[in-house]
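Student: Input: one structure, supplied below.
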Amino acid sequence: MPPEIDAGAAVAGLSHPLALRRGVAYIRLMIRPILIHPDPRLKKVCDPVALITPEVRQLAADMLETMYDAPGIGLAAPQVGVTKRIIVMDCIKDGPPEPIVLVNPQILWSSEDVTTYEEGCLSIPEQYAEVKRPAEVQVRWTDLDGKTQERQFAGLWATCVQHEIDHLDGKLFIDYLGPLKRQMITRKMEKLKRERARAG
Ligand code: ZN
């Protein structure tokens, strides 16, 4: 039985996952299956979200639940099979959770400084590789209240937000690797999918 959360808190923008479990009105959270590469839905350029509807809020809440359950620090809507421009993140390792939902995120500025992180992806389980990206980015997005937000991300947050926005354009972190490494990882994922299909 999936946990239930407070719809009011979800509407207010998911300020704290624990806060979502209080209150009287409930929506049901669903852990959605995460697509594994290769999958055509992971290669699509996603559509912008025109309006923050209850369906968008439900999807965002489900995505956060799915991300924490995995566990991961970021998730993009196409990874759960929805080709819409929505990402969720929480890059806090120690301390209280800081979930954020970014609808129609846009990178306004990237630093010339680059950093290298060993990246992974919930759609490419247990495969990691170093990827070089701008160290800081300025991002604009719409929140679940329909308000425009802007923030400069640095450190792990910067890497994560760029990785997730890439998903919305059908791009995976392995696309930054050489063709041999990429093919090797893709073959491993095909094998993993076959094994999972056999296991039912
Ligand atoms: Zn990913």
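The way I read the labels, and the way they are meant: chains A, B, ... in the order of the structure tokens, residue 1 as the first residue of every chain, and ligand 1 as the first ligand shown, with later ones counted on from there.
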I'd like the contact shell of stretch 123-132 of chain A - 12 Å cut-off, only C-alpha atoms, skipping same-chain residues fewer than 5 positions apart - returned as a PyMOL selection string.

Tutor: chain A and resi 33-39+41-43+67+70-72+74-81+112-118+158-160+162-164+167+171-178+181-182+184-193

Student: Hey, what does DSSP flag as helix (DSSP H, G or I) within stretch 51-192 of chain A? Can you give it to me as an MDAnalysis selection string?

Tutor: chainID A and resid 54:69 77:80 155:168 173:176 179:192

Student: Just to be explicit: take each residue in the selection above, keep C-alpha atoms, and write the result as a PDB file, in the first residue's frame.

Tutor:
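New file selection.pdb:
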ATOM      1  CA  PRO A  54      -3.620  18.696 -10.469  1.00  0.00           C
ATOM      2  CA  GLU A  55      -2.154  16.047 -12.797  1.00  0.00           C
ATOM      3  CA  VAL A  56       1.164  17.937 -12.950  1.00  0.00           C
ATOM      4  CA  ARG A  57       1.221  18.207  -9.111  1.00  0.00           C
ATOM      5  CA  GLN A  58       0.413  14.514  -8.790  1.00  0.00           C
ATOM      6  CA  LEU A  59       3.166  13.616 -11.260  1.00  0.00           C
ATOM      7  CA  ALA A  60       5.702  15.805  -9.398  1.00  0.00           C
ATOM      8  CA  ALA A  61       4.763  14.246  -6.033  1.00  0.00           C
ATOM      9  CA  ASP A  62       5.038  10.752  -7.532  1.00  0.00           C
ATOM     10  CA  MET A  63       8.396  11.612  -9.098  1.00  0.00           C
ATOM     11  CA  LEU A  64       9.800  12.763  -5.739  1.00  0.00           C
ATOM     12  CA  GLU A  65       8.526   9.610  -4.049  1.00  0.00           C
ATOM     13  CA  THR A  66      10.033   7.495  -6.860  1.00  0.00           C
ATOM     14  CA  MET A  67      13.353   9.372  -6.615  1.00  0.00           C
ATOM     15  CA  TYR A  68      13.644   8.978  -2.809  1.00  0.00           C
ATOM     16  CA  ASP A  69      12.642   5.321  -3.057  1.00  0.00           C
ATOM     17  CA  ALA A  77       9.591  13.006 -16.155  1.00  0.00           C
ATOM     18  CA  PRO A  78      10.670  11.040 -19.269  1.00  0.00           C
ATOM     19  CA  GLN A  79      12.332   8.524 -16.912  1.00  0.00           C
ATOM     20  CA  VAL A  80       8.845   7.577 -15.729  1.00  0.00           C
ATOM     21  CA  GLY A 155      28.475  21.977  -6.749  1.00  0.00           C
ATOM     22  CA  LEU A 156      26.473  18.766  -6.971  1.00  0.00           C
ATOM     23  CA  TRP A 157      23.244  20.731  -7.543  1.00  0.00           C
ATOM     24  CA  ALA A 158      24.730  22.260 -10.720  1.00  0.00           C
ATOM     25  CA  THR A 159      25.760  18.880 -12.100  1.00  0.00           C
ATOM     26  CA  CYS A 160      22.410  17.356 -11.188  1.00  0.00           C
ATOM     27  CA  VAL A 161      20.250  20.101 -12.712  1.00  0.00           C
ATOM     28  CA  GLN A 162      22.215  19.940 -15.991  1.00  0.00           C
ATOM     29  CA  HIS A 163      21.952  16.134 -16.058  1.00  0.00           C
ATOM     30  CA  GLU A 164      18.170  16.315 -15.502  1.00  0.00           C
ATOM     31  CA  ILE A 165      17.574  19.100 -18.042  1.00  0.00           C
ATOM     32  CA  ASP A 166      19.518  16.983 -20.560  1.00  0.00           C
ATOM     33  CA  HIS A 167      16.902  14.246 -20.021  1.00  0.00           C
ATOM     34  CA  LEU A 168      14.212  16.684 -21.207  1.00  0.00           C
ATOM     35  CA  PHE A 173      25.146  11.256 -19.524  1.00  0.00           C
ATOM     36  CA  ILE A 174      26.586   8.428 -21.629  1.00  0.00           C
ATOM     37  CA  ASP A 175      26.155  10.664 -24.690  1.00  0.00           C
ATOM     38  CA  TYR A 176      29.169  12.613 -23.356  1.00  0.00           C
ATOM     39  CA  PRO A 179      31.308   5.605 -28.647  1.00  0.00           C
ATOM     40  CA  LEU A 180      33.018   2.446 -27.347  1.00  0.00           C
ATOM     41  CA  LYS A 181      32.264   3.157 -23.685  1.00  0.00           C
ATOM     42  CA  ARG A 182      28.709   4.161 -24.611  1.00  0.00           C
ATOM     43  CA  GLN A 183      28.135   0.957 -26.590  1.00  0.00           C
ATOM     44  CA  MET A 184      29.551  -1.152 -23.786  1.00  0.00           C
ATOM     45  CA  ILE A 185      27.160   0.406 -21.260  1.00  0.00           C
ATOM     46  CA  THR A 186      24.205   0.117 -23.670  1.00  0.00           C
ATOM     47  CA  ARG A 187      24.905  -3.611 -24.170  1.00  0.00           C
ATOM     48  CA  LYS A 188      25.017  -4.117 -20.405  1.00  0.00           C
ATOM     49  CA  MET A 189      21.647  -2.377 -20.099  1.00  0.00           C
ATOM     50  CA  GLU A 190      20.131  -4.514 -22.896  1.00  0.00           C
ATOM     51  CA  LYS A 191      21.304  -7.589 -21.030  1.00  0.00           C
ATOM     52  CA  LEU A 192      19.886  -6.253 -17.750  1.00  0.00           C
TER      53      LEU A 192
END

Student: For the atom pair atom CA of A:Arg85 and atom CA of A:Leu122, what is the interatomic distance in Å to one decimal place?

Tutor: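 About the pair atom CA of A:Arg85 and atom CA of A:Leu122: they are 17.5 Å apart.
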
Student: Which residues are near A:Val103? Cut-off 8 Å, only C-alpha atoms, ignore same chain within fewer than 2 positions. Put them as a PDB file with C-alpha atoms, in the first residue's frame.

Tutor:
ATOM      1  CA  VAL A  49       4.031  22.213 -19.569  1.00  0.00           C
ATOM      2  CA  ARG A  85       9.451  19.195 -19.130  1.00  0.00           C
ATOM      3  CA  ILE A  86       9.423  18.446 -15.377  1.00  0.00           C
ATOM      4  CA  ILE A  87      12.343  17.501 -13.136  1.00  0.00           C
ATOM      5  CA  VAL A 101      10.287  20.607  -8.503  1.00  0.00           C
ATOM      6  CA  PRO A 105      13.546  24.628 -16.515  1.00  0.00           C
ATOM      7  CA  TRP A 141      11.716  27.548 -13.979  1.00  0.00           C
ATOM      8  CA  THR A 142       8.052  27.530 -12.997  1.00  0.00           C
ATOM      9  CA  ASP A 143       7.158  26.116  -9.576  1.00  0.00           C
ATOM     10  CA  LEU A 144       4.014  24.182  -8.637  1.00  0.00           C
TER      11      LEU A 144
END

Student: Go through A:Leu102, A:Arg32, A:Met89, A:Trp109 one by one, measure the shortest atom-to-atom distance of each to ligand 1 using only C-alpha atoms and all ligand atoms, and give the residue with the smallest value.

Tutor: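 Among A:Leu102, A:Arg32, A:Met89, A:Trp109, it is A:Met89 that comes nearest to ligand 1.
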
Student: Which residue out of A:Val88, A:Met30, A:Ala135, A:Ile107 has the minimum interatomic distance to ligand 1 when only C-alpha atoms and all ligand atoms are used?

Tutor: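 Using only C-alpha atoms and all ligand atoms, the shortest distance to ligand 1 belongs to A:Val88.
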
Student: Check the smallest atom-to-atom distance from each of A:Pro134, A:Thr148, A:Gly170, A:Lys84 to ligand 1 using only C-alpha atoms and all ligand atoms, then report the winner.

Tutor: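 Comparing A:Pro134, A:Thr148, A:Gly170, A:Lys84 against ligand 1, the winner is A:Gly170.
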
Student: Atom CA of A:Asp90 and atom CA of A:Glu119, how far apart in Å?

Tutor: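 Separation of atom CA of A:Glu119 and atom CA of A:Asp90: 15.2 Å.
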
Student: I'd like the interatomic distance between atom CA of A:Gln152 and atom CA of A:Val137, to a tenth of an Å.

Tutor: 5.6 Å

Student: Would you please extract all strand (DSSP E or B) residues from chain A, as assigned by DSSP on the backbone, and give them as a ChimeraX atom specification?

Tutor: /A:4-6,26-28,47,74-76,84,86-89,100-110,114-121,124-134,136-142,148-154

Student: Pick from A:Thr53, A:Cys121, A:Leu108, A:Asp94: nearest to A:Glu150, with only C-alpha atoms counted?

Tutor: A:Leu108
